[in-house]
Amino acid sequence: MYRHENPPNCRSFADTLKTGNPASIIAFNPVVVVPVVCHTQHEDYTAGETAAAWPECPGAWVDSSGHKARYHILSCLGPSWCKGEPRFPDELVIGYTKHVTTKGGVITWDVPIQKNGLIPQPFLRQLGALLPALRPNG
């Protein structure tokens, strides 16, 4: 929608977002697009929103007309955003996380947040299983 030459556009949004901190990083999210792509030369990483499919990570960067954005996936550990119980076994979550990170990509896992601000125990347990598995000798 904003990938055109005249403001408001991705460039004007990126410039405004970086005004307070030029070192900040941004992505533009056009909702779910698989495979993950770089949408504009003004983003630093891909939004990578996906829920039903976990795409193959091609490497650390996604190229768009000579501009490289860091490969990033955003997916939910539950059946939907901020809901339910973990939907996959630890081994699957660990395996896909390793698939992305060993190629230089980045992954963000969505988990529910309770009204008291805490993450439900089943998700804490699953996230806790990731740490030793992602260590160099894990």
# chains A, B, ... in the order shown; residues from 1 in each chain; ligands from 1

$ residues_around --residues "stretch 62-69 of chain A" --least-positions-apart "2" --cutoff "7 Å" --atoms "only C-alpha atoms" --output "MDAnalysis selection string"
chainID A and resid 37:38 41 43:46 71

$ select_by_dssp --residues "chain A" --states "helix (DSSP H, G or I)" --output "MDAnalysis selection string"
chainID A and resid 10:17 90:101 121:134

$ write_last_selection --atoms "N, CA and C atoms" --output "short mmCIF file (atom, residue, chain, number, x, y, z; two decimals), in the first residue's frame"
data_model
loop_
_atom_site.label_atom_id
_atom_site.label_comp_id
_atom_site.auth_asym_id
_atom_site.auth_seq_id
_atom_site.Cartn_x
_atom_site.Cartn_y
_atom_site.Cartn_z
N CYS A 10 6.75 3.98 2.53
CA CYS A 10 7.63 3.22 3.41
C CYS A 10 8.86 4.02 3.80
N ARG A 11 9.40 4.79 2.88
CA ARG A 11 10.57 5.62 3.20
C ARG A 11 10.24 6.66 4.28
N SER A 12 9.12 7.35 4.15
CA SER A 12 8.79 8.38 5.14
C SER A 12 8.50 7.75 6.50
N PHE A 13 7.87 6.57 6.51
CA PHE A 13 7.61 5.88 7.77
C PHE A 13 8.93 5.46 8.42
N ALA A 14 9.83 4.88 7.62
CA ALA A 14 11.12 4.42 8.15
C ALA A 14 11.93 5.61 8.68
N ASP A 15 11.97 6.70 7.94
CA ASP A 15 12.70 7.88 8.40
C ASP A 15 12.13 8.39 9.72
N THR A 16 10.81 8.43 9.83
CA THR A 16 10.17 8.90 11.06
C THR A 16 10.46 7.95 12.22
N LEU A 17 10.35 6.65 11.97
CA LEU A 17 10.59 5.67 13.03
C LEU A 17 12.03 5.71 13.54
N ASP A 90 8.04 -30.30 21.77
CA ASP A 90 9.30 -29.56 21.91
C ASP A 90 10.26 -29.85 20.77
N GLU A 91 10.37 -31.11 20.38
CA GLU A 91 11.34 -31.49 19.35
C GLU A 91 11.08 -30.77 18.03
N LEU A 92 9.82 -30.56 17.69
CA LEU A 92 9.49 -29.87 16.44
C LEU A 92 9.85 -28.39 16.54
N VAL A 93 9.51 -27.76 17.66
CA VAL A 93 9.83 -26.34 17.87
C VAL A 93 11.34 -26.15 17.88
N ILE A 94 12.05 -27.04 18.56
CA ILE A 94 13.51 -26.97 18.62
C ILE A 94 14.09 -27.16 17.21
N GLY A 95 13.60 -28.15 16.49
CA GLY A 95 14.12 -28.43 15.15
C GLY A 95 13.92 -27.27 14.19
N TYR A 96 12.74 -26.66 14.21
CA TYR A 96 12.50 -25.54 13.29
C TYR A 96 13.30 -24.31 13.71
N THR A 97 13.39 -24.08 15.01
CA THR A 97 14.18 -22.95 15.49
C THR A 97 15.64 -23.12 15.06
N LYS A 98 16.18 -24.33 15.19
CA LYS A 98 17.55 -24.59 14.75
C LYS A 98 17.68 -24.41 13.23
N HIS A 99 16.67 -24.86 12.49
CA HIS A 99 16.69 -24.71 11.03
C HIS A 99 16.88 -23.24 10.65
N VAL A 100 16.16 -22.36 11.30
CA VAL A 100 16.23 -20.93 10.98
C VAL A 100 17.53 -20.32 11.51
N THR A 101 17.86 -20.57 12.77
CA THR A 101 19.00 -19.88 13.38
C THR A 101 20.35 -20.37 12.88
N GLN A 121 2.56 -21.46 32.26
CA GLN A 121 3.60 -22.44 32.54
C GLN A 121 3.91 -23.38 31.37
N PRO A 122 2.91 -23.91 30.63
CA PRO A 122 3.28 -24.82 29.52
C PRO A 122 4.16 -24.14 28.46
N PHE A 123 3.95 -22.84 28.25
CA PHE A 123 4.79 -22.12 27.28
C PHE A 123 6.16 -21.82 27.86
N LEU A 124 6.22 -21.49 29.14
CA LEU A 124 7.53 -21.28 29.78
C LEU A 124 8.36 -22.56 29.71
N ARG A 125 7.72 -23.70 29.94
CA ARG A 125 8.42 -24.97 29.87
C ARG A 125 8.96 -25.20 28.47
N GLN A 126 8.12 -24.92 27.44
CA GLN A 126 8.57 -25.15 26.06
C GLN A 126 9.68 -24.18 25.68
N LEU A 127 9.54 -22.93 26.05
CA LEU A 127 10.61 -21.96 25.77
C LEU A 127 11.89 -22.36 26.51
N GLY A 128 11.72 -22.86 27.73
CA GLY A 128 12.88 -23.33 28.51
C GLY A 128 13.59 -24.50 27.85
N ALA A 129 12.87 -25.33 27.12
CA ALA A 129 13.48 -26.45 26.42
C ALA A 129 14.33 -25.98 25.24
N LEU A 130 14.04 -24.80 24.74
CA LEU A 130 14.81 -24.27 23.61
C LEU A 130 16.24 -23.90 24.02
N LEU A 131 16.41 -23.30 25.18
CA LEU A 131 17.72 -22.77 25.57
C LEU A 131 18.82 -23.81 25.52
N PRO A 132 18.72 -24.93 26.22
CA PRO A 132 19.83 -25.89 26.14
C PRO A 132 20.00 -26.47 24.73
N ALA A 133 18.92 -26.60 24.00
CA ALA A 133 19.00 -27.17 22.65
C ALA A 133 19.69 -26.22 21.68
N LEU A 134 19.64 -24.93 21.95
CA LEU A 134 20.25 -23.95 21.03
C LEU A 134 21.66 -23.58 21.39
#

$ select_by_dssp --residues "chain A" --states "strand (DSSP E or B)" --output "ChimeraX atom specification"
/A:45,49,61-64,67-70,72-76,80,83,106-110

$ atom_distance --atom1 "atom CA of A:Leu74" --atom2 "atom CA of A:Val111"
11.0 Å

$ decode --residues "stretch 89-118 of chain A" --atoms "N, CA and C atoms" --output "PDB file, in the first residue's frame"
ATOM      1  N   PRO A  89       5.109 -30.524  19.695  1.00  0.00           N
ATOM      2  CA  PRO A  89       6.058 -31.074  20.666  1.00  0.00           C
ATOM      3  C   PRO A  89       7.351 -30.256  20.661  1.00  0.00           C
ATOM      4  N   ASP A  90       8.044 -30.303  21.773  1.00  0.00           N
ATOM      5  CA  ASP A  90       9.299 -29.556  21.913  1.00  0.00           C
ATOM      6  C   ASP A  90      10.260 -29.849  20.769  1.00  0.00           C
ATOM      7  N   GLU A  91      10.374 -31.107  20.378  1.00  0.00           N
ATOM      8  CA  GLU A  91      11.340 -31.495  19.350  1.00  0.00           C
ATOM      9  C   GLU A  91      11.084 -30.774  18.029  1.00  0.00           C
ATOM     10  N   LEU A  92       9.822 -30.564  17.687  1.00  0.00           N
ATOM     11  CA  LEU A  92       9.489 -29.874  16.444  1.00  0.00           C
ATOM     12  C   LEU A  92       9.850 -28.386  16.541  1.00  0.00           C
ATOM     13  N   VAL A  93       9.513 -27.765  17.656  1.00  0.00           N
ATOM     14  CA  VAL A  93       9.829 -26.343  17.866  1.00  0.00           C
ATOM     15  C   VAL A  93      11.344 -26.151  17.883  1.00  0.00           C
ATOM     16  N   ILE A  94      12.049 -27.041  18.564  1.00  0.00           N
ATOM     17  CA  ILE A  94      13.514 -26.967  18.615  1.00  0.00           C
ATOM     18  C   ILE A  94      14.093 -27.159  17.207  1.00  0.00           C
ATOM     19  N   GLY A  95      13.604 -28.154  16.486  1.00  0.00           N
ATOM     20  CA  GLY A  95      14.116 -28.429  15.147  1.00  0.00           C
ATOM     21  C   GLY A  95      13.922 -27.269  14.190  1.00  0.00           C
ATOM     22  N   TYR A  96      12.735 -26.659  14.212  1.00  0.00           N
ATOM     23  CA  TYR A  96      12.501 -25.539  13.290  1.00  0.00           C
ATOM     24  C   TYR A  96      13.302 -24.310  13.714  1.00  0.00           C
ATOM     25  N   THR A  97      13.388 -24.077  15.010  1.00  0.00           N
ATOM     26  CA  THR A  97      14.185 -22.946  15.494  1.00  0.00           C
ATOM     27  C   THR A  97      15.639 -23.120  15.060  1.00  0.00           C
ATOM     28  N   LYS A  98      16.176 -24.327  15.190  1.00  0.00           N
ATOM     29  CA  LYS A  98      17.551 -24.588  14.746  1.00  0.00           C
ATOM     30  C   LYS A  98      17.682 -24.411  13.233  1.00  0.00           C
ATOM     31  N   HIS A  99      16.667 -24.859  12.491  1.00  0.00           N
ATOM     32  CA  HIS A  99      16.691 -24.714  11.028  1.00  0.00           C
ATOM     33  C   HIS A  99      16.884 -23.244  10.648  1.00  0.00           C
ATOM     34  N   VAL A 100      16.156 -22.362  11.297  1.00  0.00           N
ATOM     35  CA  VAL A 100      16.235 -20.928  10.983  1.00  0.00           C
ATOM     36  C   VAL A 100      17.534 -20.323  11.509  1.00  0.00           C
ATOM     37  N   THR A 101      17.860 -20.566  12.769  1.00  0.00           N
ATOM     38  CA  THR A 101      18.999 -19.876  13.378  1.00  0.00           C
ATOM     39  C   THR A 101      20.349 -20.372  12.878  1.00  0.00           C
ATOM     40  N   THR A 102      20.463 -21.658  12.530  1.00  0.00           N
ATOM     41  CA  THR A 102      21.761 -22.125  12.019  1.00  0.00           C
ATOM     42  C   THR A 102      22.064 -21.575  10.636  1.00  0.00           C
ATOM     43  N   LYS A 103      21.049 -21.085   9.950  1.00  0.00           N
ATOM     44  CA  LYS A 103      21.263 -20.457   8.643  1.00  0.00           C
ATOM     45  C   LYS A 103      21.415 -18.936   8.771  1.00  0.00           C
ATOM     46  N   GLY A 104      21.420 -18.434  10.015  1.00  0.00           N
ATOM     47  CA  GLY A 104      21.599 -16.999  10.238  1.00  0.00           C
ATOM     48  C   GLY A 104      20.302 -16.221  10.329  1.00  0.00           C
ATOM     49  N   GLY A 105      19.176 -16.912  10.243  1.00  0.00           N
ATOM     50  CA  GLY A 105      17.885 -16.252  10.387  1.00  0.00           C
ATOM     51  C   GLY A 105      17.528 -16.046  11.852  1.00  0.00           C
ATOM     52  N   VAL A 106      16.418 -15.397  12.055  1.00  0.00           N
ATOM     53  CA  VAL A 106      15.938 -15.064  13.401  1.00  0.00           C
ATOM     54  C   VAL A 106      14.489 -15.512  13.500  1.00  0.00           C
ATOM     55  N   ILE A 107      14.087 -15.958  14.680  1.00  0.00           N
ATOM     56  CA  ILE A 107      12.703 -16.389  14.875  1.00  0.00           C
ATOM     57  C   ILE A 107      12.146 -15.782  16.158  1.00  0.00           C
ATOM     58  N   THR A 108      10.901 -15.353  16.091  1.00  0.00           N
ATOM     59  CA  THR A 108      10.176 -14.834  17.254  1.00  0.00           C
ATOM     60  C   THR A 108       8.964 -15.724  17.462  1.00  0.00           C
ATOM     61  N   TRP A 109       8.824 -16.237  18.680  1.00  0.00           N
ATOM     62  CA  TRP A 109       7.681 -17.079  19.016  1.00  0.00           C
ATOM     63  C   TRP A 109       6.671 -16.280  19.823  1.00  0.00           C
ATOM     64  N   ASP A 110       5.434 -16.265  19.373  1.00  0.00           N
ATOM     65  CA  ASP A 110       4.334 -15.631  20.098  1.00  0.00           C
ATOM     66  C   ASP A 110       3.827 -16.602  21.156  1.00  0.00           C
ATOM     67  N   VAL A 111       3.609 -16.082  22.363  1.00  0.00           N
ATOM     68  CA  VAL A 111       3.017 -16.862  23.452  1.00  0.00           C
ATOM     69  C   VAL A 111       1.925 -16.018  24.107  1.00  0.00           C
ATOM     70  N   PRO A 112       0.950 -16.671  24.730  1.00  0.00           N
ATOM     71  CA  PRO A 112      -0.078 -15.903  25.439  1.00  0.00           C
ATOM     72  C   PRO A 112       0.513 -15.199  26.660  1.00  0.00           C
ATOM     73  N   ILE A 113      -0.041 -14.069  26.972  1.00  0.00           N
ATOM     74  CA  ILE A 113       0.293 -13.361  28.200  1.00  0.00           C
ATOM     75  C   ILE A 113      -0.992 -13.298  29.027  1.00  0.00           C
ATOM     76  N   GLN A 114      -0.918 -13.775  30.252  1.00  0.00           N
ATOM     77  CA  GLN A 114      -2.087 -13.786  31.133  1.00  0.00           C
ATOM     78  C   GLN A 114      -2.390 -12.375  31.632  1.00  0.00           C
ATOM     79  N   LYS A 115      -3.564 -12.177  32.193  1.00  0.00           N
ATOM     80  CA  LYS A 115      -3.964 -10.868  32.719  1.00  0.00           C
ATOM     81  C   LYS A 115      -3.000 -10.367  33.787  1.00  0.00           C
ATOM     82  N   ASN A 116      -2.349 -11.282  34.503  1.00  0.00           N
ATOM     83  CA  ASN A 116      -1.388 -10.879  35.531  1.00  0.00           C
ATOM     84  C   ASN A 116      -0.007 -10.570  34.947  1.00  0.00           C
ATOM     85  N   GLY A 117       0.114 -10.647  33.617  1.00  0.00           N
ATOM     86  CA  GLY A 117       1.364 -10.313  32.947  1.00  0.00           C
ATOM     87  C   GLY A 117       2.332 -11.470  32.792  1.00  0.00           C
ATOM     88  N   LEU A 118       1.961 -12.652  33.277  1.00  0.00           N
ATOM     89  CA  LEU A 118       2.851 -13.804  33.212  1.00  0.00           C
ATOM     90  C   LEU A 118       2.557 -14.680  31.995  1.00  0.00           C
TER      91      LEU A 118
END
